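Text of the file protein_18.csv, holding CSV, C-alpha atoms:
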chain,number,residue,atom,x,y,z
W,1068,MET,CA,0.0,-9.9,11.2
W,1069,LYS,CA,-3.7,-10.4,11.6
W,1070,MET,CA,-5.4,-11.2,8.3
W,1071,GLU,CA,-8.5,-9.2,9.4
W,1072,LEU,CA,-6.3,-6.1,8.9
W,1073,ILE,CA,-4.5,-7.3,5.7
W,1074,GLN,CA,-7.2,-9.0,3.7
W,1075,PRO,CA,-9.1,-5.7,3.0
W,1076,PHE,CA,-5.9,-4.3,1.4
W,1077,ILE,CA,-5.4,-7.4,-0.8
W,1078,ASN,CA,-9.0,-7.3,-1.9
W,1079,ALA,CA,-8.9,-3.6,-2.6
W,1080,ALA,CA,-5.6,-3.9,-4.6
W,1081,ASP,CA,-7.1,-6.7,-6.6
W,1082,ALA,CA,-10.2,-4.8,-7.5
W,1083,VAL,CA,-8.6,-1.4,-8.2
W,1084,LEU,CA,-5.7,-2.8,-10.2
W,1085,SER,CA,-7.8,-5.3,-12.2
W,1086,GLN,CA,-10.4,-2.7,-13.0
W,1087,GLY,CA,-8.1,0.2,-13.6
W,1088,LEU,CA,-5.7,-1.7,-15.8
W,1089,ASN,CA,-8.5,-3.7,-17.4
W,1090,SER,CA,-6.6,-6.9,-17.0
W,1091,PRO,CA,-6.3,-9.8,-14.5
W,1092,MET,CA,-3.9,-9.4,-11.6
W,1093,GLU,CA,-2.1,-12.1,-9.6
W,1094,ILE,CA,-0.5,-12.0,-6.2
W,1095,GLY,CA,3.2,-12.8,-6.5
W,1096,ASN,CA,5.6,-12.9,-3.6
W,1097,LEU,CA,4.5,-12.3,-0.1
W,1098,THR,CA,7.2,-11.6,2.5
W,1099,MET,CA,7.6,-10.2,6.0
W,1100,GLU,CA,10.1,-7.5,6.6
W,1101,LYS,CA,11.7,-6.4,9.8
W,1102,GLU,CA,14.0,-3.8,8.3
W,1103,ALA,CA,13.2,-0.4,6.7
W,1104,TYR,CA,11.5,-0.6,3.4
W,1105,ARG,CA,13.6,-0.2,0.2
W,1106,ARG,CA,11.8,1.8,-2.4
W,1107,LYS,CA,11.6,0.2,-5.8
W,1108,GLY,CA,10.7,3.3,-7.9
W,1109,VAL,CA,7.7,5.6,-7.8
W,1110,ALA,CA,6.1,5.2,-4.3
W,1111,ALA,CA,3.2,6.7,-2.4
W,1112,MET,CA,2.8,6.4,1.4
W,1113,VAL,CA,-0.4,6.7,3.3
W,1114,GLU,CA,-0.4,6.8,7.1
W,1115,LEU,CA,-3.2,5.7,9.4
W,1116,SER,CA,-3.9,6.7,13.0
W,1117,GLY,CA,-6.5,5.6,15.6
W,1118,ASP,CA,-7.8,2.1,16.2
W,1119,ILE,CA,-5.3,1.0,13.6
W,1120,GLU,CA,-1.9,2.7,13.3
W,1121,GLY,CA,0.9,2.5,10.8
W,1122,ARG,CA,1.5,3.1,7.1
W,1123,VAL,CA,1.0,1.6,3.7
W,1124,ILE,CA,3.5,2.1,0.8
W,1125,PHE,CA,2.3,1.6,-2.7
W,1126,ASP,CA,5.3,1.2,-5.0
W,1127,ALA,CA,6.2,0.4,-8.7
W,1128,ALA,CA,9.4,0.5,-10.8
W,1129,PRO,CA,9.6,3.6,-12.9
W,1130,GLN,CA,8.8,1.7,-16.1
W,1131,THR,CA,5.8,0.0,-14.5
W,1132,ALA,CA,4.5,3.3,-13.0
W,1133,ALA,CA,4.8,4.9,-16.5
W,1134,LYS,CA,2.9,2.0,-18.2
W,1135,ILE,CA,0.2,2.2,-15.5
W,1136,ALA,CA,-0.1,6.0,-15.7
W,1137,SER,CA,-0.2,5.8,-19.6
W,1138,GLN,CA,-2.9,3.3,-19.5
W,1139,LEU,CA,-5.0,5.3,-17.1
W,1140,ALA,CA,-4.4,8.6,-19.0
W,1141,GLY,CA,-5.1,7.0,-22.4
W,1142,MET,CA,-1.8,8.3,-23.8
W,1143,GLU,CA,1.9,7.5,-23.6
W,1144,LEU,CA,3.6,9.2,-20.7
W,1145,PRO,CA,7.4,9.3,-20.1
W,1146,GLU,CA,8.7,8.0,-16.7
W,1147,SER,CA,9.7,11.6,-15.7
W,1148,ASP,CA,6.2,13.0,-16.2
W,1149,SER,CA,4.5,14.3,-13.0
W,1150,LEU,CA,1.3,12.5,-14.0
W,1151,VAL,CA,3.1,9.2,-13.4
W,1152,ARG,CA,3.8,10.2,-9.8
W,1153,GLU,CA,0.2,11.5,-9.4
W,1154,ALA,CA,-1.2,8.2,-10.8
W,1155,VAL,CA,0.7,6.2,-8.2
W,1156,CYS,CA,-0.6,8.4,-5.5
W,1157,GLU,CA,-4.2,8.1,-6.9
W,1158,LEU,CA,-4.0,4.3,-7.1
W,1159,ALA,CA,-2.7,4.2,-3.5
W,1160,ASN,CA,-5.6,6.5,-2.5
W,1161,GLN,CA,-8.1,4.2,-4.3
W,1162,VAL,CA,-6.7,1.0,-2.9
W,1163,ILE,CA,-6.4,2.3,0.7
W,1164,GLY,CA,-9.8,4.0,0.4
W,1165,ASN,CA,-11.5,0.7,-0.5
W,1166,ALA,CA,-9.7,-1.1,2.3
W,1167,VAL,CA,-10.6,1.5,4.8
W,1168,ALA,CA,-14.3,1.3,3.9
W,1169,THR,CA,-14.1,-2.4,4.7
W,1170,LEU,CA,-12.3,-1.9,8.0
W,1171,ASN,CA,-14.8,0.8,9.0
W,1172,ASP,CA,-17.6,-1.6,8.3
W,1173,GLN,CA,-15.8,-4.0,10.8
W,1174,GLY,CA,-16.0,-1.3,13.5
W,1175,PHE,CA,-12.5,0.2,13.3
W,1176,HIS,CA,-12.2,4.0,13.6
W,1177,PHE,CA,-9.2,5.7,12.4
W,1178,ARG,CA,-7.9,8.6,10.4
W,1179,VAL,CA,-6.4,8.1,6.9
W,1180,HIS,CA,-3.8,10.8,6.0
W,1181,PRO,CA,-3.5,11.9,2.4
W,1182,PRO,CA,-1.1,10.0,0.2
W,1183,HIS,CA,2.3,11.6,-0.4
W,1184,LEU,CA,5.2,10.7,-2.5
W,1185,HIS,CA,7.8,8.5,-0.7
W,1186,THR,CA,11.1,9.7,-2.3
W,1187,SER,CA,13.8,8.5,0.1
W,1188,GLU,CA,15.5,5.3,-0.8
W,1189,HIS,CA,14.5,3.7,2.6
W,1190,GLY,CA,11.2,3.9,4.3
W,1191,PRO,CA,10.4,4.4,7.9
W,1192,LYS,CA,12.0,1.9,10.2
W,1193,ILE,CA,9.8,-0.8,11.6
W,1194,THR,CA,9.3,-0.6,15.4
W,1195,PRO,CA,10.0,-3.6,17.6
W,1196,ASN,CA,6.3,-4.4,18.0
W,1197,THR,CA,5.4,-4.0,14.3
W,1198,GLU,CA,6.4,-6.0,11.3
W,1199,ALA,CA,5.7,-5.2,7.6
W,1200,LEU,CA,4.0,-7.4,5.1
W,1201,VAL,CA,5.2,-6.9,1.5
W,1202,LEU,CA,2.9,-8.0,-1.3
W,1203,CYS,CA,3.8,-8.1,-5.0
W,1204,PHE,CA,1.0,-7.8,-7.4
W,1205,GLU,CA,1.8,-9.0,-11.0
W,1206,THR,CA,-0.1,-6.9,-13.5
W,1207,SER,CA,0.0,-6.7,-17.3
W,1208,SER,CA,2.0,-3.5,-16.8
W,1209,GLY,CA,4.6,-5.0,-14.4
W,1210,SER,CA,5.0,-5.6,-10.7
W,1211,VAL,CA,3.3,-3.4,-8.1
W,1212,PHE,CA,4.3,-3.6,-4.5
W,1213,MET,CA,2.4,-2.8,-1.4
W,1214,ASN,CA,4.2,-2.7,1.9
W,1215,ILE,CA,1.8,-2.8,4.9
W,1216,ALA,CA,3.0,-2.0,8.4
W,1217,LEU,CA,0.0,-1.8,10.8
W,1218,LYS,CA,-0.7,-2.4,14.4
W,1219,TYR,CA,-3.7,-1.9,16.7
W,1220,GLY,CA,-3.7,1.6,18.2
W,1221,SER,CA,-3.6,2.1,22.0
W,1222,SER,CA,-7.3,3.0,21.9
W,1223,VAL,CA,-8.3,-0.6,21.0
W,1224,LYS,CA,-9.2,-2.1,24.4
W,1225,GLY,CA,-8.3,-5.7,25.0
W,1226,SER,CA,-6.0,-6.0,22.0
W,1227,ALA,CA,-2.3,-6.4,22.1
W,1228,SER,CA,-0.6,-3.3,20.7
W,1229,SER,CA,1.2,-5.3,18.0
W,1230,VAL,CA,-0.4,-7.0,15.1
W,1231,SER,CA,0.8,-10.6,15.5
W,1232,ALA,CA,0.7,-13.6,13.2

Once more with this new file: its structure as structure tokens, please.
Amino acid sequence: MKMELIQPFINAADAVLSQGLNSPMEIGNLTMEKEAYRRKGVAAMVELSGDIEGRVIFDAAPQTAAKIASQLAGMELPESDSLVREAVCELANQVIGNAVATLNDQGFHFRVHPPHLHTSEHGPKITPNTEALVLCFETSSGSVFMNIALKYGSSVKGSASSVSA
């Protein structure tokens, strides 16, 4: 995967999580996946189309999602509260929105679809010309995962359709 597409997401996650949780954040494991994504807990998915196509899944274990949502809400929330799911969608929206602003500044044009809850155990299958990068962000509230599967859209002239290493 090209770092020019990934780095804006890493930077955005660092900024949003550090500021939103008011604590430092570290990048833990970084892995490449060729299989369908396995959801860890409360997950939001955002799809992109245009010069860059694919999807980003923002995911946290239920306990971590509840801790994050509680911190953002300023009050204790149970794992089952709908505000927990909404908080994960909102964090995904903020991270991806920040990353998209950077990519737009680099000249990419695409449409970002609204985040939606990803409730199935497995995510969309990876196509043969796309691989997914899974990042683990260690926060004071627990691990937050971001699964990024992007490729250059067919409208990008002179680029290979897959995002290669």

| query | What's the 8 Å shell around segment 1100-1113 of chain W, counting all atoms listed in the file, without same-chain residues fewer than 6 positions away, as a PyMOL selection string? | reply | chain W and resi 1122-1129+1132+1152+1155-1156+1159-1160+1163+1179-1193+1198-1201+1214

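Nearest-residue note for Val1167 of chain W: choosing from W:Ile1119, W:Lys1069, W:Leu1097, W:Ala1082, the minimum distance belongs to W:Ile1119, counting all atoms listed in the file.
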
| request: To one decimal in Å, tell me the separation between atom CA of Gln1086 of chain W and atom CA of Leu1170 of chain W. | output: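 The value is 21.1 Å.
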
| field | For Phe1175 of chain W: contacts at 12 Å, all atoms listed in the file, fewer than 6 positions along chain excluded, given as a PyMOL selection string | value | chain W and resi 1071-1072+1115-1120+1166-1169+1219-1220+1222-1224

| field | W:Ala1154, W:Ala1216, W:Glu1205, W:Ser1221 ranked by distance to Ile1094 of chain W, top pick (using all atoms listed in the file) | value |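 Under the stated criterion, the closest residue is W:Glu1205.
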
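Minimum atom-to-atom distances from W:Gln1130, W:Asn1096, W:Gln1161, W:Gln1138 to Val1083 of chain W were compared using only C-alpha atoms, and the lowest value belongs to W:Gln1161.
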
| said: I'd like to know which of W:Ile1135, W:Leu1144, W:Leu1217, W:Val1151 is closest to Ser1085 of chain W, using only C-alpha atoms. | reply: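 Nearest candidate to Ser1085 of chain W out of W:Ile1135, W:Leu1144, W:Leu1217, W:Val1151: W:Ile1135.
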
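Note that the spacing between atom CA of Leu1084 of chain W and atom CA of Ser1137 of chain W amounts to 13.9 Å.
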
| request: Using atom CA of Glu1114 of chain W and atom CA of Pro1145 of chain W as the two end points, give the distance in Å to one decimal. | output: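 These atoms are spaced 28.4 Å apart.
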